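> Got a structure here, written out as structure tokens. Questions coming.
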Amino acid sequence: MFRNLTTTSVKQGQRVTSKAFQHNPPQPSRFINTSVTVDNSNNDYYNSKFTTGNNNNNNNKSFHTQYRNLSYSRELASASASASTSSQNPNAESVRKLAYTLQEATAHLSPEEKPYYKQLLAFDECTAHNATYDLATGRISGGVGNFWNAVHKIMPLYRELIVTGELNDKRMTELVSLLRNGLRIHRLELSKLRKNLDKDANNPLKEIHYFLTVSIREVSQNVLEGLVPLNSHGLTHLFKAYKDLGFTVEAVHMWETGKDDPKLYQLFTSESVLGSVFPFLVESGDFNYDEINDIYNRIKLSKSPGEKIHSELQVGMIRACLYKGFTEEALKIFQQLTSDVYSTYTSQNIQPPINVKSYMTMAHLSFIGFCKDIPTADVFFKGAVNEEMPYLTPLQLNFIKKYISNIWNITNDFSQVKQVWLTTWRHYELKDH
């Protein structure tokens with residue numbers, strides 16, 4: 001049966017991800033508002049939930065008989081557990097060959113006749129339950145229970161379907177989006193708690209976070225090994241999931257690995273992906289400025305007249321310039337960013353929407369937090385305090401902390417440090433009244 005090819009990959013996939021990333025699984029617990037029990041040592045739940053339902057089909061019987069002894073599960077488990085992230089990993093290559101064999105054997109079957117047809121339908125059903133939430137009201141579309149059920153069910157299906165060739169870049173992007181929204185909704189659920197999660201060892205939110213973390217790492221590994229495709233939109237979501245997790249070092253390592261692979265270079269250096277990656281590089285402080293500046297200029301030169309660089313990439317490049325001390329270059333990009341935004345909407349006689357203005361907000365705050373030229377940083381700080389700009393300039397504390405640190409490290413002027421702290425404090429006092 002098709003399950004003989006894939007069922008043990010569900011079991012081993014859960015074990016090897018924890019082994020590969022040295023993370024001990026927590027005790028079994030229940031998802032919020034659901035009846036789904038999470039237990040990484042017992043996969044009866046997974047095995048009982050999904051069946052092929054195709055045992056009466058003669059073609060499928062023949063297929064199952066011929067391929068029931070294929071060792072996909074062991075190969076995938078070994079590939080996932082490997083310390084190497086190279087797409088040339090011999091175990092990953094074995095999985096690719098096995099996938100080719102499977103796809104060749106089922107090529108003559110209609111979609112409904114293929115032995116994994118019901119698993120594929122179940123996968124699509126899970127992604128259809130992707131949810132969004134309203135920050136203002138805390139309301140989650142579709143309900144929390146249905147969403148978490150979908151998140152929990154999809155990873156065993158993913159492991160079963162990885163060799164079928166049916167997980168195209170669209171399906172993979174939907175999977176990544178589901179996992180990332182899981183992190184965001186998890187954070188929303190945390191905000192509703194009345195007690196510290198660290199003091200509540202049995203809270204199911206801990207189990208959810210572990211499950212999402214392992215799943216995101218597993219998908220990332222498979223992308224790097226070339227076992228699944230992903231488009232730039234999906235990869236951008238994947239990097240933003242790492243941002244939500246706070247895994248800066250892992251994100252940088254993943255990007256470095258991907259861009260060094262000739263088969264993945266174009267994907268990992270695409271415009272939207274770089275916009276999500278550059279903040280990681282700046283946060284880590286370990287990056288080659290000349291390299292990313294060359295990539296940025298290549299994208300810039302590739303634009304046709306009137307075509308604009310993505311604003312998120314411009315903000316990321318501003319931070320990289322500021323971190324490395326290229327203040328003038330950062331100012332030029334900031335000027336271009338504001339010009340691009342306002343020229344687009346002024347020509348239509350409308351104001352830029354808030355989500356578009358937010359790029360200027362983040363660029364402005366970047367000058368406060370990352371600029372090593374203190375007089376320039378001061379100008380942006382005072383502009384934010386006095387609310388002189390046509391876009392919002394909230395004094396976000398993470399940027400103020402960097403600003404104060406830069407003042408002290410560069411000038412050793414405690415009086416200026418004190419003045420910035422007092423100004424920020426007074427600013428918040430006025431906002432509260």
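Starting from 1 in every chain, residues are counted up; chains themselves are A, B, ... following the order of the structure tokens, and ligands are numbered from 1 as listed.
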Distance table requested - stretch 236-278 of chain A against stretch 295-313 of chain A, cut-off 7 Å, only C-alpha atoms: one row per qualifying residue with the closest atom pair and its distance in Å to one decimal, ordered by chain and rising residue number, as a tab-separated table.

residue	atom	partner	partner_atom	distance
A:Glu271	CA	A:Leu313	CA	6.7
A:Ser272	CA	A:Leu313	CA	6.8
A:Leu274	CA	A:Leu313	CA	6.2
A:Gly275	CA	A:Leu313	CA	3.8
> Could you write those residues out with N, CA, C and O atoms, as a PDB file, in the first residue's frame?

ATOM      1  N   GLU A 271      14.135  39.773  -5.097  1.00  0.00           N
ATOM      2  CA  GLU A 271      13.905  41.064  -4.432  1.00  0.00           C
ATOM      3  C   GLU A 271      13.149  40.940  -3.119  1.00  0.00           C
ATOM      4  O   GLU A 271      13.569  41.475  -2.089  1.00  0.00           O
ATOM      5  N   SER A 272      12.023  40.248  -3.139  1.00  0.00           N
ATOM      6  CA  SER A 272      11.210  40.159  -1.919  1.00  0.00           C
ATOM      7  C   SER A 272      11.917  39.364  -0.827  1.00  0.00           C
ATOM      8  O   SER A 272      11.797  39.685   0.364  1.00  0.00           O
ATOM      9  N   LEU A 274      15.230  39.136  -0.348  1.00  0.00           N
ATOM     10  CA  LEU A 274      16.286  39.973   0.231  1.00  0.00           C
ATOM     11  C   LEU A 274      15.723  40.992   1.206  1.00  0.00           C
ATOM     12  O   LEU A 274      16.348  41.308   2.221  1.00  0.00           O
ATOM     13  N   GLY A 275      14.528  41.508   0.904  1.00  0.00           N
ATOM     14  CA  GLY A 275      13.904  42.458   1.809  1.00  0.00           C
ATOM     15  C   GLY A 275      13.660  41.877   3.190  1.00  0.00           C
ATOM     16  O   GLY A 275      13.753  42.582   4.200  1.00  0.00           O
TER      17      GLY A 275
END
> Taking 2 positions as the minimum chain separation for residues in the same chain, which residues sit within 6 Å of stretch 239-255 of chain A when counting only C-alpha atoms? Answer as a VMD selection string.
chain A and resid 180 236 to 237 257 to 258 280
> Can you spit out the residues from that selection as an mmCIF file, in the first residue's frame, using N, CA, C and O atoms?

data_model
loop_
_atom_site.group_PDB
_atom_site.id
_atom_site.type_symbol
_atom_site.label_atom_id
_atom_site.label_comp_id
_atom_site.auth_asym_id
_atom_site.auth_seq_id
_atom_site.Cartn_x
_atom_site.Cartn_y
_atom_site.Cartn_z
ATOM 1 N N ARG A 180 3.390 29.901 9.378
ATOM 2 C CA ARG A 180 3.728 31.235 9.891
ATOM 3 C C ARG A 180 2.543 31.865 10.618
ATOM 4 O O ARG A 180 2.700 32.490 11.680
ATOM 5 N N THR A 236 9.915 34.171 1.302
ATOM 6 C CA THR A 236 9.820 35.382 2.122
ATOM 7 C C THR A 236 9.040 35.087 3.393
ATOM 8 O O THR A 236 9.435 35.494 4.495
ATOM 9 N N HIS A 237 7.917 34.357 3.262
ATOM 10 C CA HIS A 237 7.137 33.963 4.447
ATOM 11 C C HIS A 237 7.973 33.093 5.385
ATOM 12 O O HIS A 237 7.873 33.214 6.610
ATOM 13 N N THR A 257 23.463 29.438 2.870
ATOM 14 C CA THR A 257 23.470 28.117 2.241
ATOM 15 C C THR A 257 22.715 28.142 0.918
ATOM 16 O O THR A 257 23.178 27.608 -0.096
ATOM 17 N N GLY A 258 21.542 28.770 0.917
ATOM 18 C CA GLY A 258 20.730 28.819 -0.292
ATOM 19 C C GLY A 258 21.380 29.613 -1.410
ATOM 20 O O GLY A 258 21.407 29.174 -2.563
ATOM 21 N N PHE A 280 17.986 40.460 9.067
ATOM 22 C CA PHE A 280 18.706 39.405 9.790
ATOM 23 C C PHE A 280 20.214 39.637 9.716
ATOM 24 O O PHE A 280 20.936 39.467 10.695
#
> Within 8 Å of A:Asn181, counting only C-alpha atoms, which residues qualify if same-chain residues fewer than 6 places away don't, as a VMD selection string?
chain A and resid 130 to 132
> Based on the selection just made, write C-alpha atoms of those residues as a PDB file, in the first residue's frame.

ATOM      1  CA  ASN A 130      -5.550  28.997   6.985  1.00  0.00           C
ATOM      2  CA  ALA A 131      -6.643  31.836   9.219  1.00  0.00           C
ATOM      3  CA  THR A 132      -5.972  35.492   9.771  1.00  0.00           C
TER       4      THR A 132
END
